[in-house]
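Novice: There's a structure below that I have some questions on.
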Protein chains: 2
Amino acid sequence: MSDNTQPRTRVRLRDVADLVGVTAAAASMALADSPRISDKTKRAVRAAATQLGYVPSSAGRALRSQRAGAIALIVPNTTQHVFGHSYFMHVLTGVSSVANERDTQVLVSTNPDEAHGLAAYERVMRSKSADGAIVTSAAVTDLNVERLSQSGLPVVLIGNFPYLSTSVSVGIDDVGASRSITEHLIEVHGRTRLLHVTGPMDHQTAIDRREGFLAAVAAHDLADASRVVEGDFSEEAGRDAVLGLGRDLTGFDGIVFANDDMAFGGLRALKSLGVSVPQDISIVGFDDFGLSRLTTPGITTVRVPAERMARVATERLFDLIEGSKPGPSHQELAVTLVLRESCGCESKADDA
Amino acid sequence: MSDNTQPRTRVRLRDVADLVGVTAAAASMALADSPRISDKTKRAVRAAATQLGYVPSSAGRALRSQRAGAIALIVPNTTQHVFGHSYFMHVLTGVSSVANERDTQVLVSTNPDEAHGLAAYERVMRSKSADGAIVTSAAVTDLNVERLSQSGLPVVLIGNFPYLSTSVSVGIDDVGASRSITEHLIEVHGRTRLLHVTGPMDHQTAIDRREGFLAAVAAHDLADASRVVEGDFSEEAGRDAVLGLGRDLTGFDGIVFANDDMAFGGLRALKSLGVSVPQDISIVGFDDFGLSRLTTPGITTVRVPAERMARVATERLFDLIEGSKPGPSHQELAVTLVLRESCGCESKADDA
DNA sequence: CTGAAAGCGCTTACAG
DNA sequence: CTGAAAGCGCTTACAG
């Protein structure tokens, strides 16, 4: 019945107020459900707002209230290389859903804006386009993250940042998880001669996952038969690590890759060499952002709860913005060991 | 040397102007490089802005200039199901890079905000949080897309929307591409008994890809030996389509899946039945958003240039916002046939 | 308790 | 040509 053609021209708060016969200030308070305003007026204002299709101007509100009503998700320029698409989508999903609950917009800011002399994300923050930021960088040496997190602006980091101990961050126990998955190869599959292919060593995850690997082999007295090769989280690095071993390859019966992309590259290389996985060599990866269940054999890995990390980080960010709940500065979420075939475990049914 | 501690407190244009000894209006014009202002003043203002670390307030600018300085990328609530993570990231990458070139922020708006009675993206537009929107929906029946695109607000759609012929959109020729890949199975691999598994039939891509398949089999007089089964773009649908054939499966020597996810599900199902691909049955997919090169065998598919579509769409959006260049209302980009092993073509070297 | 002004930061349009 | 006011839309803080 109410075939109210949505107005194409902007509707201002004043228009709503005029229709009811109150001031814009009163209408504002009515819509904000202020106790100052009578129920009768509130109802009238709300009806008028609906009738006119009023939507508050974000600029007007932001300027007056000094709140952008948006948070930024920062994509460091290294992301394409270090993280996969799936990882970022998990993070985006987590951030969006929490932001949605709070009627807050999500701004995605990519970094490589060096032309302007200022990191793009610093611009975002300084221009007050966003009230806070989620940063999911990885490089230990990323000074921008440090500057931003110490600027006093609300920022929550996803990952582990031991050098930024005062920052608020949400991560996982990479050391423990890496140790666990390595011990799975040792204890369940009896592997004794292990290779670890690391990520780029300026990334904390790479450092921690190597540490976990080393702890596992040391605890089982397998350090002498084990080796560590440096990679960079790319599929090519996994391939090169395997191919680079040459005839030394036969000295290993298990490979712990620091992420799934490298495990996939390594898996392909092993296949091309006629080495069968897991019969000849067990391999495992890390992340479970999507790839590892698609391969044949499926890659046994550690599932990093990216979406949950993002959700928690975003909730913490709102706490910071609202100035409430200090809470712990670093939180660690639990991870899951996902057993597939590449380690020697039996094939499971489809895991969706 | 210039160890200028960045000010934590906001720097307003007035502060810059005061430092130079001009009015805020003059400083504004100086930074905008207005011909009204002398070079000397411009230099002084720019120096002061740099010294103070001035970044314009997005709210102030937006309110005055009636321009948000942001565009929105709309994620329809059906996206999780219909598109993959990779697709959306390709789009986001394309949109971001063009937006970055124009100093414009990118807002990501997810749709499922029905609680507020207004589609989230309509809120975004009406609140002037964004000056325009890129919509990458798919459902033919999505009335919100129609409303939004006809609201007069600048909107560019990614995909084909024959029902919205007045809208600006960027897509590919799904019919032609589907026909081509089907003919590849027929002409190159001599397949004659073909099955097509469609997407959800309320999606234009599903309709078009089916049409291309039917055109191919009709042109080669293979319609009688061919069949069409309805799917929904999910891995499970691909699996179910194969398993649902039962002993009829032996009647087919080629399957054209309407996307890669279904092809993957089908591939797994065929493997589980002991049917070898491509020896017994050739299969092909559509999209090439990431998955199809990871499987064994790799899936032959049509590469949809998602990032380029997004770039073109975003450029068109800026044209609309700036009110310039009408140009064609629908553009089609070329696609690539990506030959892998699942059709029977020889294994190629790694395609990165 | 309530009405209406002031002002967030910016840039455009006006007056001189 | 240039100076300074006006006003974008909103909400808070003030005056009555």
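Following the order of the structure tokens, first chain is A, next is B, and so on, with residues numbered from 1 inside each chain and ligands from 1 in the order they appear.
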What lies within 9 Å of region 191-196 of chain B using only C-alpha atoms (C1' of nucleotides), ignoring chain neighbours under 2 positions off, as a count of residues only?
Specialist: 32
Novice: Which residues are near Arg36 (chain B)? Cut-off 12 Å, only C-alpha atoms (C1' of nucleotides), ignore same chain within fewer than 4 positions. Put them as a list in words.
Specialist: Ala25, Ala26, Ala27, Ser28, Met29, Ala30, Leu31, Ala32, Lys40, Thr41 and Lys42 of chain B; DC1 and DT2 of chain D
Novice: Go ahead and write the selection's residues with C-alpha atoms (C1' of nucleotides) as a PDB file, in the first residue's frame.
Specialist:
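Written output follows (part29.pdb):
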ATOM      1  CA  ALA B  25      40.476  29.636   2.887  1.00  0.00           C
ATOM      2  CA  ALA B  26      43.711  30.765   1.305  1.00  0.00           C
ATOM      3  CA  ALA B  27      45.546  27.782   2.678  1.00  0.00           C
ATOM      4  CA  SER B  28      42.869  25.514   1.262  1.00  0.00           C
ATOM      5  CA  MET B  29      43.256  27.041  -2.145  1.00  0.00           C
ATOM      6  CA  ALA B  30      47.014  26.898  -1.917  1.00  0.00           C
ATOM      7  CA  LEU B  31      46.970  23.191  -1.221  1.00  0.00           C
ATOM      8  CA  ALA B  32      44.499  22.735  -4.068  1.00  0.00           C
ATOM      9  CA  LYS B  40      55.288  32.050  -2.904  1.00  0.00           C
ATOM     10  CA  THR B  41      52.266  31.503  -0.705  1.00  0.00           C
ATOM     11  CA  LYS B  42      51.730  28.049  -2.094  1.00  0.00           C
TER      12      LYS B  42
ATOM     13  C1'  DC D   1      42.280  40.188  -7.912  1.00  0.00           C
ATOM     14  C1'  DT D   2      41.660  39.031  -2.779  1.00  0.00           C
TER      15       DT D   2
END
Novice: Which residues are near DA15 (chain D)? Cut-off 12 Å, only C-alpha atoms (C1' of nucleotides), ignore same chain within fewer than 6 positions. Put them as a ChimeraX atom specification.
Specialist: /C:2-6
Novice: Do me a favour and pick out the residues of chain A within 6 Å of chain D, using only C-alpha atoms (C1' of nucleotides), as number ranges by chain.
Specialist: A: 60-61, 64
Novice: Identify all chain A residues at most 7 Å from chain B by counting only C-alpha atoms; ligands do not count. Present them as a PyMOL selection string.
Specialist: chain A and resi 8+55-60+62-63+85-86+89+105-108+123+126-129+151+294-296
Novice: What's the separation between CA of Leu333 (chain B) and CA of Val302 (chain B), in Å to one decimal place?
Specialist: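 Interatomic distance, CA of Leu333 (chain B) to CA of Val302 (chain B): 12.7 Å.
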Novice: Can you list every residue in region 169-291 of chain B that DSSP puts in strand (DSSP E or B), as a PyMOL selection string?
Specialist: chain B and resi 169-172+194-197+203+227-229+254-257+282-284+287
Novice: Could you name the residues that touch His330 (chain A) at 9 Å or less, counting only C-alpha atoms (C1' of nucleotides), but leaving out those on the same chain fewer than 2 positions away, as a PDB file with N, CA, C and O atoms, in the first residue's frame?
Specialist:
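Now in out_24.pdb:
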ATOM      1  N   ASN A 160      51.718 -12.248  16.279  1.00  0.00           N
ATOM      2  CA  ASN A 160      52.538 -12.127  17.489  1.00  0.00           C
ATOM      3  C   ASN A 160      53.616 -11.072  17.277  1.00  0.00           C
ATOM      4  O   ASN A 160      54.335 -11.108  16.287  1.00  0.00           O
ATOM      5  N   PHE A 161      53.713 -10.157  18.206  1.00  0.00           N
ATOM      6  CA  PHE A 161      54.640  -9.047  18.057  1.00  0.00           C
ATOM      7  C   PHE A 161      55.435  -8.848  19.337  1.00  0.00           C
ATOM      8  O   PHE A 161      55.198  -7.914  20.086  1.00  0.00           O
ATOM      9  N   SER A 165      55.483  -5.155  22.742  1.00  0.00           N
ATOM     10  CA  SER A 165      54.778  -5.813  23.826  1.00  0.00           C
ATOM     11  C   SER A 165      53.666  -4.952  24.402  1.00  0.00           C
ATOM     12  O   SER A 165      52.770  -5.448  25.063  1.00  0.00           O
ATOM     13  N   THR A 166      53.712  -3.654  24.153  1.00  0.00           N
ATOM     14  CA  THR A 166      52.651  -2.811  24.699  1.00  0.00           C
ATOM     15  C   THR A 166      51.441  -2.751  23.764  1.00  0.00           C
ATOM     16  O   THR A 166      50.410  -2.222  24.134  1.00  0.00           O
ATOM     17  N   SER A 167      51.585  -3.272  22.570  1.00  0.00           N
ATOM     18  CA  SER A 167      50.481  -3.223  21.623  1.00  0.00           C
ATOM     19  C   SER A 167      49.438  -4.276  21.954  1.00  0.00           C
ATOM     20  O   SER A 167      49.736  -5.290  22.575  1.00  0.00           O
ATOM     21  N   VAL A 168      48.248  -4.026  21.516  1.00  0.00           N
ATOM     22  CA  VAL A 168      47.178  -5.005  21.662  1.00  0.00           C
ATOM     23  C   VAL A 168      47.230  -5.923  20.448  1.00  0.00           C
ATOM     24  O   VAL A 168      47.243  -5.459  19.306  1.00  0.00           O
ATOM     25  N   SER A 169      47.255  -7.209  20.695  1.00  0.00           N
ATOM     26  CA  SER A 169      47.370  -8.132  19.568  1.00  0.00           C
ATOM     27  C   SER A 169      46.666  -9.446  19.859  1.00  0.00           C
ATOM     28  O   SER A 169      46.410  -9.801  21.007  1.00  0.00           O
ATOM     29  N   VAL A 170      46.323 -10.135  18.796  1.00  0.00           N
ATOM     30  CA  VAL A 170      45.652 -11.426  18.881  1.00  0.00           C
ATOM     31  C   VAL A 170      46.405 -12.395  17.979  1.00  0.00           C
ATOM     32  O   VAL A 170      46.579 -12.123  16.789  1.00  0.00           O
ATOM     33  N   GLY A 171      46.852 -13.492  18.552  1.00  0.00           N
ATOM     34  CA  GLY A 171      47.642 -14.428  17.751  1.00  0.00           C
ATOM     35  C   GLY A 171      47.406 -15.863  18.156  1.00  0.00           C
ATOM     36  O   GLY A 171      46.405 -16.191  18.788  1.00  0.00           O
ATOM     37  N   GLY A 327      41.933  -4.998  29.566  1.00  0.00           N
ATOM     38  CA  GLY A 327      42.109  -6.407  29.204  1.00  0.00           C
ATOM     39  C   GLY A 327      43.549  -6.740  28.868  1.00  0.00           C
ATOM     40  O   GLY A 327      44.429  -5.882  28.919  1.00  0.00           O
ATOM     41  N   PRO A 328      43.774  -7.994  28.523  1.00  0.00           N
ATOM     42  CA  PRO A 328      45.139  -8.422  28.236  1.00  0.00           C
ATOM     43  C   PRO A 328      45.610  -7.788  26.936  1.00  0.00           C
ATOM     44  O   PRO A 328      44.828  -7.560  26.033  1.00  0.00           O
ATOM     45  N   GLU A 332      45.979 -15.261  22.919  1.00  0.00           N
ATOM     46  CA  GLU A 332      46.309 -16.359  22.033  1.00  0.00           C
ATOM     47  C   GLU A 332      45.107 -17.274  21.885  1.00  0.00           C
ATOM     48  O   GLU A 332      44.503 -17.684  22.869  1.00  0.00           O
TER      49      GLU A 332
END
Novice: Tell me, in Å to one decimal, how far CA of Val312 (chain B) is from CA of Asp173 (chain B).
Specialist: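 So the two atoms, CA of Val312 (chain B) and CA of Asp173 (chain B), lie 15.5 Å apart.
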Novice: Just the residues within 12 Å of Ile172 (chain B), please, counting only C-alpha atoms (C1' of nucleotides), with nothing from its chain fewer than 4 positions along; format it as a PDB file with N, CA, C and O atoms, in the first residue's frame.
Specialist:
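Generated output (selection_8.pdb):
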ATOM      1  N   ILE B 158      29.277  -5.808 -11.920  1.00  0.00           N
ATOM      2  CA  ILE B 158      30.185  -6.761 -12.544  1.00  0.00           C
ATOM      3  C   ILE B 158      29.373  -8.007 -12.866  1.00  0.00           C
ATOM      4  O   ILE B 158      28.795  -8.624 -11.963  1.00  0.00           O
ATOM      5  N   GLY B 159      29.328  -8.350 -14.114  1.00  0.00           N
ATOM      6  CA  GLY B 159      28.528  -9.490 -14.556  1.00  0.00           C
ATOM      7  C   GLY B 159      27.606  -9.067 -15.691  1.00  0.00           C
ATOM      8  O   GLY B 159      27.670  -7.922 -16.155  1.00  0.00           O
ATOM      9  N   ASN B 160      26.772  -9.965 -16.089  1.00  0.00           N
ATOM     10  CA  ASN B 160      25.834  -9.671 -17.179  1.00  0.00           C
ATOM     11  C   ASN B 160      24.425  -9.543 -16.623  1.00  0.00           C
ATOM     12  O   ASN B 160      23.972 -10.409 -15.875  1.00  0.00           O
ATOM     13  N   PHE B 161      23.760  -8.478 -16.990  1.00  0.00           N
ATOM     14  CA  PHE B 161      22.440  -8.198 -16.437  1.00  0.00           C
ATOM     15  C   PHE B 161      21.477  -7.800 -17.552  1.00  0.00           C
ATOM     16  O   PHE B 161      21.124  -6.636 -17.680  1.00  0.00           O
ATOM     17  N   GLY B 176      29.519 -17.639 -25.140  1.00  0.00           N
ATOM     18  CA  GLY B 176      30.575 -17.982 -26.081  1.00  0.00           C
ATOM     19  C   GLY B 176      31.679 -18.814 -25.443  1.00  0.00           C
ATOM     20  O   GLY B 176      32.176 -19.777 -26.031  1.00  0.00           O
ATOM     21  N   ALA B 177      32.048 -18.440 -24.215  1.00  0.00           N
ATOM     22  CA  ALA B 177      33.138 -19.156 -23.557  1.00  0.00           C
ATOM     23  C   ALA B 177      32.724 -20.585 -23.240  1.00  0.00           C
ATOM     24  O   ALA B 177      33.507 -21.530 -23.398  1.00  0.00           O
ATOM     25  N   SER B 178      31.488 -20.745 -22.802  1.00  0.00           N
ATOM     26  CA  SER B 178      31.014 -22.088 -22.471  1.00  0.00           C
ATOM     27  C   SER B 178      30.926 -22.942 -23.733  1.00  0.00           C
ATOM     28  O   SER B 178      31.274 -24.127 -23.732  1.00  0.00           O
ATOM     29  N   GLN B 204      22.504 -15.483 -13.794  1.00  0.00           N
ATOM     30  CA  GLN B 204      22.687 -15.290 -15.227  1.00  0.00           C
ATOM     31  C   GLN B 204      23.860 -16.112 -15.761  1.00  0.00           C
ATOM     32  O   GLN B 204      23.789 -16.651 -16.869  1.00  0.00           O
ATOM     33  N   THR B 205      24.942 -16.192 -14.996  1.00  0.00           N
ATOM     34  CA  THR B 205      26.094 -16.972 -15.474  1.00  0.00           C
ATOM     35  C   THR B 205      25.684 -18.415 -15.707  1.00  0.00           C
ATOM     36  O   THR B 205      26.132 -19.039 -16.664  1.00  0.00           O
ATOM     37  N   ASP B 208      23.622 -18.564 -18.923  1.00  0.00           N
ATOM     38  CA  ASP B 208      24.432 -18.360 -20.125  1.00  0.00           C
ATOM     39  C   ASP B 208      25.359 -19.542 -20.403  1.00  0.00           C
ATOM     40  O   ASP B 208      25.560 -19.929 -21.550  1.00  0.00           O
ATOM     41  N   ARG B 209      25.944 -20.088 -19.348  1.00  0.00           N
ATOM     42  CA  ARG B 209      26.870 -21.189 -19.574  1.00  0.00           C
ATOM     43  C   ARG B 209      26.121 -22.425 -20.072  1.00  0.00           C
ATOM     44  O   ARG B 209      26.641 -23.178 -20.890  1.00  0.00           O
ATOM     45  N   ASP B 287      36.131 -20.582 -14.514  1.00  0.00           N
ATOM     46  CA  ASP B 287      36.489 -19.517 -13.555  1.00  0.00           C
ATOM     47  C   ASP B 287      37.999 -19.309 -13.418  1.00  0.00           C
ATOM     48  O   ASP B 287      38.504 -18.211 -13.542  1.00  0.00           O
ATOM     49  N   VAL B 302      37.951 -22.091 -18.057  1.00  0.00           N
ATOM     50  CA  VAL B 302      37.931 -20.770 -18.683  1.00  0.00           C
ATOM     51  C   VAL B 302      38.378 -19.762 -17.636  1.00  0.00           C
ATOM     52  O   VAL B 302      37.801 -19.719 -16.544  1.00  0.00           O
ATOM     53  N   ARG B 303      39.400 -19.017 -17.950  1.00  0.00           N
ATOM     54  CA  ARG B 303      39.851 -18.025 -16.970  1.00  0.00           C
ATOM     55  C   ARG B 303      39.016 -16.765 -17.087  1.00  0.00           C
ATOM     56  O   ARG B 303      39.041 -16.064 -18.100  1.00  0.00           O
ATOM     57  N   VAL B 304      38.293 -16.452 -16.014  1.00  0.00           N
ATOM     58  CA  VAL B 304      37.501 -15.224 -15.959  1.00  0.00           C
ATOM     59  C   VAL B 304      38.401 -14.126 -15.388  1.00  0.00           C
ATOM     60  O   VAL B 304      38.931 -14.280 -14.288  1.00  0.00           O
ATOM     61  N   PRO B 305      38.597 -13.057 -16.108  1.00  0.00           N
ATOM     62  CA  PRO B 305      39.548 -12.028 -15.681  1.00  0.00           C
ATOM     63  C   PRO B 305      38.966 -11.127 -14.610  1.00  0.00           C
ATOM     64  O   PRO B 305      38.683  -9.950 -14.839  1.00  0.00           O
ATOM     65  N   ALA B 306      38.780 -11.682 -13.421  1.00  0.00           N
ATOM     66  CA  ALA B 306      38.047 -10.972 -12.371  1.00  0.00           C
ATOM     67  C   ALA B 306      38.708  -9.650 -11.995  1.00  0.00           C
ATOM     68  O   ALA B 306      38.036  -8.630 -11.831  1.00  0.00           O
ATOM     69  N   ARG B 308      40.710  -7.759 -13.739  1.00  0.00           N
ATOM     70  CA  ARG B 308      40.584  -6.771 -14.812  1.00  0.00           C
ATOM     71  C   ARG B 308      39.143  -6.267 -14.914  1.00  0.00           C
ATOM     72  O   ARG B 308      38.904  -5.077 -15.148  1.00  0.00           O
ATOM     73  N   MET B 309      38.193  -7.148 -14.761  1.00  0.00           N
ATOM     74  CA  MET B 309      36.798  -6.712 -14.768  1.00  0.00           C
ATOM     75  C   MET B 309      36.578  -5.662 -13.677  1.00  0.00           C
ATOM     76  O   MET B 309      35.910  -4.641 -13.890  1.00  0.00           O
ATOM     77  N   ALA B 310      37.163  -5.910 -12.530  1.00  0.00           N
ATOM     78  CA  ALA B 310      36.990  -4.978 -11.416  1.00  0.00           C
ATOM     79  C   ALA B 310      37.667  -3.642 -11.707  1.00  0.00           C
ATOM     80  O   ALA B 310      37.133  -2.579 -11.393  1.00  0.00           O
ATOM     81  N   HIS B 330      27.371  -1.567 -21.393  1.00  0.00           N
ATOM     82  CA  HIS B 330      27.868  -2.894 -21.017  1.00  0.00           C
ATOM     83  C   HIS B 330      29.140  -3.203 -21.791  1.00  0.00           C
ATOM     84  O   HIS B 330      29.203  -3.009 -22.996  1.00  0.00           O
ATOM     85  N   GLN B 331      30.157  -3.620 -21.064  1.00  0.00           N
ATOM     86  CA  GLN B 331      31.412  -3.994 -21.716  1.00  0.00           C
ATOM     87  C   GLN B 331      31.683  -5.458 -21.484  1.00  0.00           C
ATOM     88  O   GLN B 331      31.440  -5.967 -20.395  1.00  0.00           O
ATOM     89  N   GLU B 332      32.242  -6.105 -22.483  1.00  0.00           N
ATOM     90  CA  GLU B 332      32.626  -7.498 -22.323  1.00  0.00           C
ATOM     91  C   GLU B 332      34.122  -7.650 -22.489  1.00  0.00           C
ATOM     92  O   GLU B 332      34.703  -7.159 -23.454  1.00  0.00           O
ATOM     93  N   LEU B 333      34.727  -8.345 -21.545  1.00  0.00           N
ATOM     94  CA  LEU B 333      36.165  -8.582 -21.640  1.00  0.00           C
ATOM     95  C   LEU B 333      36.421  -9.984 -22.180  1.00  0.00           C
ATOM     96  O   LEU B 333      35.599 -10.883 -22.025  1.00  0.00           O
ATOM     97  N   ALA B 334      37.573 -10.131 -22.777  1.00  0.00           N
ATOM     98  CA  ALA B 334      37.932 -11.426 -23.351  1.00  0.00           C
ATOM     99  C   ALA B 334      38.338 -12.409 -22.259  1.00  0.00           C
ATOM    100  O   ALA B 334      38.886 -12.030 -21.229  1.00  0.00           O
ATOM    101  N   VAL B 335      38.057 -13.677 -22.503  1.00  0.00           N
ATOM    102  CA  VAL B 335      38.462 -14.722 -21.555  1.00  0.00           C
ATOM    103  C   VAL B 335      39.512 -15.618 -22.215  1.00  0.00           C
ATOM    104  O   VAL B 335      39.738 -15.549 -23.417  1.00  0.00           O
ATOM    105  N   THR B 336      40.125 -16.456 -21.405  1.00  0.00           N
ATOM    106  CA  THR B 336      41.165 -17.350 -21.903  1.00  0.00           C
ATOM    107  C   THR B 336      40.783 -18.787 -21.583  1.00  0.00           C
ATOM    108  O   THR B 336      40.316 -19.074 -20.478  1.00  0.00           O
TER     109      THR B 336
END
Novice: So how far away is CA of Val338 (chain A) from CA of Glu307 (chain A), in Å?
Specialist: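 These atoms are spaced 16.7 Å apart.
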Novice: Where in region 35-243 of chain A does DSSP assign helix (DSSP H, G or I), given as an MDAnalysis selection string?
Specialist: chainID A and resid 39:52 58:65 79:82 85:101 114:116 120:126 143:149 162:164 174:188 204:219 223:225 235:243
Novice: Write a file of the selected residues as a tab-separated table (two decimals), in the first residue's frame, keeping C-alpha atoms.
Specialist:
chain	number	residue	atom	x	y	z
A	39	ASP	CA	7.60	9.39	23.79
A	40	LYS	CA	5.01	11.09	21.68
A	41	THR	CA	7.59	13.23	19.91
A	42	LYS	CA	9.91	10.27	19.50
A	43	ARG	CA	7.22	8.31	17.80
A	44	ALA	CA	6.35	11.21	15.52
A	45	VAL	CA	9.98	11.79	14.60
A	46	ARG	CA	10.63	8.15	13.93
A	47	ALA	CA	7.54	7.95	11.75
A	48	ALA	CA	8.60	11.01	9.81
A	49	ALA	CA	12.10	9.65	9.37
A	50	THR	CA	10.75	6.41	8.00
A	51	GLN	CA	8.28	8.17	5.77
A	52	LEU	CA	10.94	10.40	4.24
A	58	SER	CA	27.88	10.18	7.72
A	59	ALA	CA	29.93	13.28	7.07
A	60	GLY	CA	27.79	15.54	9.20
A	61	ARG	CA	27.70	13.10	12.01
A	62	ALA	CA	31.41	12.34	11.77
A	63	LEU	CA	32.37	15.99	11.77
A	64	ARG	CA	30.24	16.85	14.72
A	65	SER	CA	30.88	13.80	16.84
A	79	THR	CA	50.49	-9.41	1.87
A	80	GLN	CA	50.19	-10.74	-1.63
A	81	HIS	CA	53.43	-12.58	-1.15
A	82	VAL	CA	53.22	-13.68	2.41
A	85	HIS	CA	43.82	-14.67	-0.70
A	86	SER	CA	41.97	-17.01	1.55
A	87	TYR	CA	43.69	-15.78	4.64
A	88	PHE	CA	42.74	-12.24	3.94
A	89	MET	CA	39.16	-13.16	3.18
A	90	HIS	CA	38.89	-14.99	6.47
A	91	VAL	CA	40.13	-11.87	8.19
A	92	LEU	CA	37.83	-9.62	6.22
A	93	THR	CA	34.87	-11.81	7.05
A	94	GLY	CA	35.66	-11.70	10.73
A	95	VAL	CA	36.21	-7.97	10.81
A	96	SER	CA	33.09	-7.23	8.78
A	97	SER	CA	30.77	-9.29	10.82
A	98	VAL	CA	31.78	-7.66	14.08
A	99	ALA	CA	31.76	-4.21	12.51
A	100	ASN	CA	28.30	-4.84	11.10
A	101	GLU	CA	26.98	-5.63	14.52
A	114	GLU	CA	54.68	5.47	-0.71
A	115	ALA	CA	54.26	8.08	-3.40
A	116	HIS	CA	52.54	10.27	-0.87
A	120	ALA	CA	48.51	4.89	3.36
A	121	TYR	CA	47.23	3.61	6.62
A	122	GLU	CA	48.66	6.49	8.53
A	123	ARG	CA	46.83	8.80	6.16
A	124	VAL	CA	43.62	6.92	6.82
A	125	MET	CA	44.01	7.33	10.53
A	126	ARG	CA	45.13	10.92	10.49
A	143	LEU	CA	58.37	0.06	11.24
A	144	ASN	CA	55.04	1.43	10.13
A	145	VAL	CA	53.25	-1.04	12.31
A	146	GLU	CA	55.37	0.03	15.21
A	147	ARG	CA	54.80	3.71	14.59
A	148	LEU	CA	51.10	3.27	14.15
A	149	SER	CA	50.67	1.11	17.19
A	162	PRO	CA	57.12	-9.65	20.85
A	163	TYR	CA	58.91	-6.42	19.99
A	164	LEU	CA	55.71	-4.47	20.46
A	174	ASP	CA	53.11	-20.76	16.66
A	175	VAL	CA	55.92	-22.35	18.64
A	176	GLY	CA	53.68	-24.82	20.37
A	177	ALA	CA	51.68	-25.65	17.25
A	178	SER	CA	54.78	-26.21	15.18
A	179	ARG	CA	56.21	-28.40	17.87
A	180	SER	CA	52.99	-30.41	18.03
A	181	ILE	CA	52.77	-31.10	14.36
A	182	THR	CA	56.45	-32.06	14.24
A	183	GLU	CA	55.93	-34.42	17.13
A	184	HIS	CA	52.99	-35.92	15.28
A	185	LEU	CA	55.40	-36.98	12.54
A	186	ILE	CA	57.82	-38.34	15.10
A	187	GLU	CA	55.50	-40.03	17.54
A	188	VAL	CA	52.65	-41.22	15.35
A	204	GLN	CA	57.72	-13.71	13.50
A	205	THR	CA	55.63	-16.68	12.39
A	206	ALA	CA	58.63	-18.06	10.55
A	207	ILE	CA	60.85	-17.59	13.58
A	208	ASP	CA	58.36	-19.19	15.93
A	209	ARG	CA	57.53	-22.14	13.71
A	210	ARG	CA	61.22	-22.92	13.30
A	211	GLU	CA	61.64	-22.73	17.05
A	212	GLY	CA	58.82	-25.21	17.54
A	213	PHE	CA	60.35	-27.57	15.03
A	214	LEU	CA	63.75	-27.36	16.71
A	215	ALA	CA	62.25	-27.95	20.12
A	216	ALA	CA	60.50	-31.07	18.89
A	217	VAL	CA	63.55	-32.65	17.28
A	218	ALA	CA	65.73	-31.72	20.25
A	219	ALA	CA	63.29	-33.26	22.69
A	223	ALA	CA	68.62	-32.92	16.01
A	224	ASP	CA	71.58	-34.58	14.34
A	225	ALA	CA	69.49	-36.18	11.63
A	235	GLU	CA	55.03	-22.38	-3.45
A	236	GLU	CA	58.28	-21.95	-5.38
A	237	ALA	CA	60.30	-21.93	-2.18
A	238	GLY	CA	58.79	-25.26	-1.22
A	239	ARG	CA	59.64	-26.69	-4.60
A	240	ASP	CA	63.16	-25.27	-4.54
A	241	ALA	CA	63.79	-26.58	-1.06
A	242	VAL	CA	63.01	-30.10	-2.20
A	243	LEU	CA	64.82	-29.88	-5.52
